[in-house]
There are 4 protein chains.
Amino acid sequence: MPEFSLSKEDTAVVFIEYQNEFTTEGGKLFEATKEVMEKTGMRENSTKLLEFCREKGILVCHAPISFEPGHKEIAAQPYGILAGIKDGSAFEAGSSGAGMFEPMKPKDGELVVKGKSGLCAFTSTNLEFLLRQHNVKNVILAGFLTNCCVESTMRTAYEKGFKVYTLKDCTAATSMAAHEAAFEHNFGMFSVPTTSGDIMAAVTA
Amino acid sequence: MPEFSLSKEDTAVVFIEYQNEFTTEGGKLFEATKEVMEKTGMRENSTKLLEFCREKGILVCHAPISFEPGHKEIAAQPYGILAGIKDGSAFEAGSSGAGMFEPMKPKDGELVVKGKSGLCAFTSTNLEFLLRQHNVKNVILAGFLTNCCVESTMRTAYEKGFKVYTLKDCTAATSMAAHEAAFEHNFGMFSVPTTSGDIMAAVTA
Amino acid sequence: MPEFSLSKEDTAVVFIEYQNEFTTEGGKLFEATKEVMEKTGMRENSTKLLEFCREKGILVCHAPISFEPGHKEIAAQPYGILAGIKDGSAFEAGSSGAGMFEPMKPKDGELVVKGKSGLCAFTSTNLEFLLRQHNVKNVILAGFLTNCCVESTMRTAYEKGFKVYTLKDCTAATSMAAHEAAFEHNFGMFSVPTTSGDIMAAVTA
Amino acid sequence: MPEFSLSKEDTAVVFIEYQNEFTTEGGKLFEATKEVMEKTGMRENSTKLLEFCREKGILVCHAPISFEPGHKEIAAQPYGILAGIKDGSAFEAGSSGAGMFEPMKPKDGELVVKGKSGLCAFTSTNLEFLLRQHNVKNVILAGFLTNCCVESTMRTAYEKGFKVYTLKDCTAATSMAAHEAAFEHNFGMFSVPTTSGDIMAAVTA
């Protein structure tokens with residue numbers, strides 16, 4: 001049993017980048033994330049959590065990333081992770097890679113975060129607008145990559161005063177070492193690290 | 001002749017909400033903005049400015065606003081301007097009102113700002129991401145409403161350190177009084193108020 | 001009687017720039033704000049409101065602005081309102097002008113917002129951090145200048161999802177025209193315009 | 001030799017939290033950071049880098065953190081890293097722990113970032129204001145803790161479009177494992193990881 005309880009009224013789950021590029025055979029980053037996804041079972045666990053949220057009426061925000069053909073949103077000579085995305089033409093709008101992971105496609109009426117061109121799910125998007133308009137206090141984070149977008153989002157959410165929960169069984173990185181280092185060294189500073197099972201128990205309690 | 005010059009390399013024009021709701025007969029706010037649009041000729045002037053930018057290779061960012069059916073992005077019990085938008089079902093995605101003003105439709109390859117659910121064109125969008133990735137220093141603002149979204153965007157852009165130019169002949173409010181009060185009392189604090197003619201002269205110079 | 005009520009637990013008043021530069025004979029902007037201050041009685045009304053907050057235990061945030069000698073925080077060649085501040089050496093740290101208005105000096109234990117180098121009281125400061133850490137939902141704004149810092153703060157607070165209240169009798173601009181135009185055309189879009197009397201009645205109710 | 005060069009005109013070094021709490025015997029976190037500081041020599045390296053910046057005229061921003069007695073800026077019932085800071089009364093304004101590390105005290109005329117109550121050096125401060133007003137493009141980060149404030153600052157700076165450089169020999173965490181995991185898994189995504197020696201060579205080149 002978790003040591004916390006969650007009220008449905010002021011809680012939201014943000015599902016970050018459940019897109020074929022990561023989740024599905026043929027996706028450009030699938031080979032990189034496959035091992036962690038399989039070890040943590042994060043695709044199955046996340047799907048279950050999404051279904052739980054729909055059943056209970058917990059606010060869901062899907063936060064995909066995409067770029068127009070040519071990745072013209074990104075600098076002509078980028079560096080770091082954005083260079084990798086541009087060079088690999090990853091998450092190109094309209095491509096199958098940018099498409100949502102089939103079992104977790106947004107349903108009509110669910111909130112889909114718009115504008116995500118960067119890493120943190122807040123920085124270039126309407127995510128904060130959505131959360132504040134819905135009086136959200138507790139933000140539960142799941143998705144890709146543990147130590148990239150999920151971690152940046154966690155850090156920002158913490159500073160913005162949300163109570164942040166991160167899910168070790170619903171996140172994945174490009175190696176178990178990166179995934180585990182993030183939880184071991186960083187996630188406890190900016191969130192309550194937990195699991196999807198504990199989240200569901202905390203809501204039901 | 002303007003007292004400033006502009007380099008094409010570090011300048012962008014942000015066209016805010018050139019959408020039928022404002023610009024076109026039948027739009028939900030057309031009757032409200034019609035008088036100012038006609039008096040300032042802002043639709044014709046803006047169209048010319050857009051064509052000039054395309055010709056000269058100046059960066060263009062289109063910044064429309066839209067909401068999913070039901071306006072579920074907005075609070076259940078909103079107040080202020082967002083209450084007006086929700087109550088009137090304005091800018092509903094897929095509706096003709098949310099459609100772009102025909103003469104100023106984005107061309108393939110032009111940047112379209114995503115996420116605009118609020119008033120300031122920075123707050124809930126990827127606008128800053130786009131401008132920074134493109135090394136923009138000078139931001140030229142045009143569109144709707146002079147004292148609402150244009151003014152909020154101007155104030156934010158100024159604080160972010162951009163050199164901001166606002167165009168009296170390419171903006172419109174719901175009354176000449178509101179339009180003129182904004183320029184008279186506020187715009188000089190946060191921008192260089194000017195005209196599209198001067199902008200074009202400043203680039204060509 | 002106001003049409004709203006306010007809970008002490010989730011409400012804060014932000015007092016913007018009650019500093020001698022504006023409020024007191026000899027201040028560099030005193031001659032500019034004097035007329036409006038006298039007509040609205042904003043110094044007396046604000047002092048009363050501050051005392052009311054102290055009595056009732058309502059959270060108070062003082063938000064002064066200041067610059068190091070030489071105003072080196074500001075660009076070498078600024079424009080707009082920051083140019084005016086730098087050219088006039090206004091709000092220089094340690095000067096009497098930057099000092100707090102005597103009747104409204106912060107008491108030990110009251111929150112003083114830090115970092116204000118720009119206009120919006122959020123942009124360069126820890127104001128949002130303070131408000132979120134204290135679970136504030138309602139933000140009441142008072143101070144200087146109606147159409148500059150108060151208005152920028154109001155616009156940002158609104159987008160951030162706070163319920164914003166602005167006080168016509170506790171704000172001042174450099175002319176009655178600017179003060180009134182702000183309330184007439186802009187403040188209703190981003191706040192509930194009201195008075196200090198109504199705020200006090202709404203808390204007591 | 002580094003593979004990059006740096007122009008003095010658009011570069012700034014941000015020194016994060018060189019305060020006795022971390023750097024000096026008796027500081028509340030000194031025992032925790034001591035091992036990494038000694039192994040990386042970060043105090044000596046950072047002092048040398050600061051002297052180099054002063055000599056060359058490179059912009060320096062000191063970014064200390066502090067809280068008023070009682071840590072009333074922080075929530076009544078905080079969690080995560082802010083709970084640790086509050087419970088331990090760390091960085092209390094006026095205490096020796098909050099004092100600057102003697103060899104790196106800001107000189108008159110150097111910029112001192114204000115408002116830092118959170119972890120990211122941008123979020124609750126005037127740092128971005130300072131960098132934009134000074135036309136900074138390259139941001140070099142040094143200080144404490146590698147995987148906490150330095151990393152959050154790096155992530156935000158990257159999204160804001162700065163070219164970010166992080167210094168493995170001028171940062172420290174509470175364990176070598178945390179320090180090294182940050183550089184191994186995360187820093188290359190959001191910065192150019194390098195050393196103070198390479199920075200100095202890149203400026204001189």
# chains A, B, ... in the order shown; residues from 1 in each chain; ligands from 1
$ select_by_dssp --residues "range 75-110 of chain A" --states "helix (DSSP H, G or I)" --output "ChimeraX atom specification"
/A:80-87,102-104
$ write_last_selection --atoms "all heavy atoms" --output "PDB file, in the first residue's frame"
ATOM      1  N   GLY A  80      23.343  18.654 -29.414  1.00  0.00           N
ATOM      2  CA  GLY A  80      22.650  17.896 -28.377  1.00  0.00           C
ATOM      3  C   GLY A  80      21.514  17.064 -28.951  1.00  0.00           C
ATOM      4  O   GLY A  80      21.527  16.686 -30.129  1.00  0.00           O
ATOM      5  N   ILE A  81      20.539  16.802 -28.120  1.00  0.00           N
ATOM      6  CA  ILE A  81      19.472  15.881 -28.474  1.00  0.00           C
ATOM      7  C   ILE A  81      18.646  16.343 -29.673  1.00  0.00           C
ATOM      8  O   ILE A  81      18.197  15.540 -30.487  1.00  0.00           O
ATOM      9  CB  ILE A  81      18.574  15.610 -27.236  1.00  0.00           C
ATOM     10  CG1 ILE A  81      17.442  14.618 -27.517  1.00  0.00           C
ATOM     11  CG2 ILE A  81      17.980  16.887 -26.694  1.00  0.00           C
ATOM     12  CD1 ILE A  81      17.866  13.191 -27.450  1.00  0.00           C
ATOM     13  N   LEU A  82      18.457  17.648 -29.828  1.00  0.00           N
ATOM     14  CA  LEU A  82      17.689  18.134 -30.981  1.00  0.00           C
ATOM     15  C   LEU A  82      18.413  17.862 -32.295  1.00  0.00           C
ATOM     16  O   LEU A  82      17.779  17.673 -33.335  1.00  0.00           O
ATOM     17  CB  LEU A  82      17.377  19.631 -30.837  1.00  0.00           C
ATOM     18  CG  LEU A  82      16.344  19.998 -29.766  1.00  0.00           C
ATOM     19  CD1 LEU A  82      16.310  21.512 -29.552  1.00  0.00           C
ATOM     20  CD2 LEU A  82      14.946  19.492 -30.127  1.00  0.00           C
ATOM     21  N   ALA A  83      19.743  17.845 -32.257  1.00  0.00           N
ATOM     22  CA  ALA A  83      20.505  17.498 -33.454  1.00  0.00           C
ATOM     23  C   ALA A  83      20.229  16.049 -33.840  1.00  0.00           C
ATOM     24  O   ALA A  83      20.018  15.727 -35.017  1.00  0.00           O
ATOM     25  CB  ALA A  83      21.996  17.712 -33.208  1.00  0.00           C
ATOM     26  N   GLY A  84      20.175  15.179 -32.839  1.00  0.00           N
ATOM     27  CA  GLY A  84      19.882  13.778 -33.106  1.00  0.00           C
ATOM     28  C   GLY A  84      18.502  13.605 -33.718  1.00  0.00           C
ATOM     29  O   GLY A  84      18.311  12.840 -34.675  1.00  0.00           O
ATOM     30  N   ILE A  85      17.524  14.330 -33.181  1.00  0.00           N
ATOM     31  CA  ILE A  85      16.158  14.235 -33.699  1.00  0.00           C
ATOM     32  C   ILE A  85      16.084  14.728 -35.147  1.00  0.00           C
ATOM     33  O   ILE A  85      15.471  14.100 -36.006  1.00  0.00           O
ATOM     34  CB  ILE A  85      15.191  15.051 -32.800  1.00  0.00           C
ATOM     35  CG1 ILE A  85      15.065  14.385 -31.424  1.00  0.00           C
ATOM     36  CG2 ILE A  85      13.831  15.203 -33.454  1.00  0.00           C
ATOM     37  CD1 ILE A  85      14.283  15.197 -30.399  1.00  0.00           C
ATOM     38  N   LYS A  86      16.736  15.860 -35.399  1.00  0.00           N
ATOM     39  CA  LYS A  86      16.693  16.425 -36.754  1.00  0.00           C
ATOM     40  C   LYS A  86      17.466  15.549 -37.748  1.00  0.00           C
ATOM     41  O   LYS A  86      16.959  15.247 -38.837  1.00  0.00           O
ATOM     42  CB  LYS A  86      17.263  17.843 -36.735  1.00  0.00           C
ATOM     43  CG  LYS A  86      17.124  18.562 -38.083  1.00  0.00           C
ATOM     44  CD  LYS A  86      17.437  20.063 -37.961  1.00  0.00           C
ATOM     45  CE  LYS A  86      17.060  20.777 -39.267  1.00  0.00           C
ATOM     46  NZ  LYS A  86      16.998  22.233 -39.113  1.00  0.00           N
ATOM     47  N   ASP A  87      18.652  15.161 -37.360  1.00  0.00           N
ATOM     48  CA  ASP A  87      19.464  14.333 -38.263  1.00  0.00           C
ATOM     49  C   ASP A  87      18.747  13.030 -38.614  1.00  0.00           C
ATOM     50  O   ASP A  87      18.843  12.535 -39.730  1.00  0.00           O
ATOM     51  CB  ASP A  87      20.822  14.004 -37.622  1.00  0.00           C
ATOM     52  CG  ASP A  87      21.690  15.248 -37.492  1.00  0.00           C
ATOM     53  OD1 ASP A  87      21.339  16.293 -38.088  1.00  0.00           O
ATOM     54  OD2 ASP A  87      22.714  15.186 -36.781  1.00  0.00           O
ATOM     55  N   GLU A 102      -0.734   2.480 -30.749  1.00  0.00           N
ATOM     56  CA  GLU A 102      -2.134   2.085 -30.974  1.00  0.00           C
ATOM     57  C   GLU A 102      -2.958   1.879 -29.684  1.00  0.00           C
ATOM     58  O   GLU A 102      -4.045   2.444 -29.549  1.00  0.00           O
ATOM     59  CB  GLU A 102      -2.166   0.829 -31.857  1.00  0.00           C
ATOM     60  CG  GLU A 102      -3.561   0.408 -32.315  1.00  0.00           C
ATOM     61  CD  GLU A 102      -4.253   1.425 -33.216  1.00  0.00           C
ATOM     62  OE1 GLU A 102      -3.564   2.056 -34.044  1.00  0.00           O
ATOM     63  OE2 GLU A 102      -5.485   1.625 -33.045  1.00  0.00           O
ATOM     64  N   PRO A 103      -2.457   1.096 -28.726  1.00  0.00           N
ATOM     65  CA  PRO A 103      -3.293   0.832 -27.531  1.00  0.00           C
ATOM     66  C   PRO A 103      -3.525   2.074 -26.667  1.00  0.00           C
ATOM     67  O   PRO A 103      -4.320   2.043 -25.752  1.00  0.00           O
ATOM     68  CB  PRO A 103      -2.468  -0.196 -26.731  1.00  0.00           C
ATOM     69  CG  PRO A 103      -1.488  -0.756 -27.703  1.00  0.00           C
ATOM     70  CD  PRO A 103      -1.215   0.312 -28.700  1.00  0.00           C
ATOM     71  N   MET A 104      -2.815   3.170 -26.961  1.00  0.00           N
ATOM     72  CA  MET A 104      -2.944   4.353 -26.103  1.00  0.00           C
ATOM     73  C   MET A 104      -3.359   5.592 -26.880  1.00  0.00           C
ATOM     74  O   MET A 104      -3.136   6.714 -26.437  1.00  0.00           O
ATOM     75  CB  MET A 104      -1.625   4.582 -25.365  1.00  0.00           C
ATOM     76  CG  MET A 104      -1.341   3.472 -24.355  1.00  0.00           C
ATOM     77  SD  MET A 104       0.135   3.768 -23.362  1.00  0.00           S
ATOM     78  CE  MET A 104      -0.329   5.249 -22.460  1.00  0.00           C
TER      79      MET A 104
END
$ interface_residues --of "chain B" --to "chain A" --cutoff "6 Å" --atoms "only C-alpha atoms" --output "number ranges by chain"
B: 73-75, 114-115, 124-126, 130, 133-134
$ residues_around --residues "Lys39 in chain B" --least-positions-apart "6" --cutoff "10 Å" --atoms "only C-alpha atoms" --output "JSON list (two decimals) with all heavy atoms, in the first residue's frame"
[["chain", "number", "residue", "atom", "x", "y", "z"],
["B", 169, "ASP", "N", -0.95, 50.00, -38.35],
["B", 169, "ASP", "CA", -1.79, 49.78, -39.53],
["B", 169, "ASP", "C", -1.99, 48.30, -39.85],
["B", 169, "ASP", "O", -2.55, 47.95, -40.88],
["B", 169, "ASP", "CB", -1.18, 50.50, -40.75],
["B", 169, "ASP", "CG", 0.17, 49.92, -41.15],
["B", 169, "ASP", "OD1", 0.90, 49.42, -40.25],
["B", 169, "ASP", "OD2", 0.50, 49.95, -42.35],
["B", 172, "ALA", "N", -5.86, 45.34, -35.06],
["B", 172, "ALA", "CA", -7.23, 45.82, -34.88],
["B", 172, "ALA", "C", -7.78, 45.38, -33.53],
["B", 172, "ALA", "O", -7.42, 44.31, -33.02],
["B", 172, "ALA", "CB", -8.14, 45.31, -35.99],
["B", 176, "MET", "N", -12.17, 51.64, -32.07],
["B", 176, "MET", "CA", -11.05, 52.55, -32.33],
["B", 176, "MET", "C", -10.51, 53.09, -31.01],
["B", 176, "MET", "O", -9.31, 53.31, -30.88],
["B", 176, "MET", "CB", -11.49, 53.71, -33.24],
["B", 176, "MET", "CG", -11.55, 53.36, -34.73],
["B", 176, "MET", "SD", -10.03, 52.61, -35.44],
["B", 176, "MET", "CE", -8.92, 54.03, -35.47]]
$ residues_around --residues "Phe52 in chain C" --least-positions-apart "2" --cutoff "12 Å" --atoms "only C-alpha atoms" --output "list of chain:residue names"
C:Lys8, C:Val13, C:Asn45, C:Ser46, C:Thr47, C:Lys48, C:Leu49, C:Leu50, C:Arg54, C:Glu55, C:Lys56, C:Gly57, C:Ile58, C:Leu59, C:Val60, C:Ser196, C:Gly197, C:Ile199, C:Met200, C:Ala201, C:Val203, C:Thr204
$ closest_residue --among "C:Lys137, C:Lys163, C:Lys168, C:Lys28" --to "Gly88 in chain C" --atoms "only C-alpha atoms"
C:Lys28
$ atom_distance --atom1 "CA of Thr166 in chain A" --atom2 "CA of Met189 in chain A"
11.3 Å
$ closest_residue --among "D:Glu92, D:Glu159, D:Thr195, D:Lys105" --to "Glu51 in chain D" --atoms "only C-alpha atoms"
D:Lys105
$ atom_distance --atom1 "CA of Pro64 in chain C" --atom2 "CA of Tyr18 in chain C"
6.8 Å
$ residues_around --residues "range 22-24 of chain D" --least-positions-apart "3" --cutoff "12 Å" --atoms "only C-alpha atoms" --output "ChimeraX atom specification"
/D:16-19,27-38,41-44,46-47,64-65,90-91,96-104,143-145,171-174
$ residues_around --residues "Phe187 in chain B" --least-positions-apart "2" --cutoff "9 Å" --atoms "only C-alpha atoms" --output "list in words"
Glu151, Met154, Arg155, Thr166, Ala182, Phe183, Glu184, His185, Met189, Phe190, Ser191, Val192 and Pro193 of chain B; Gly80 of chain C
$ atom_distance --atom1 "CA of Asp10 in chain D" --atom2 "CA of Thr153 in chain D"
18.3 Å
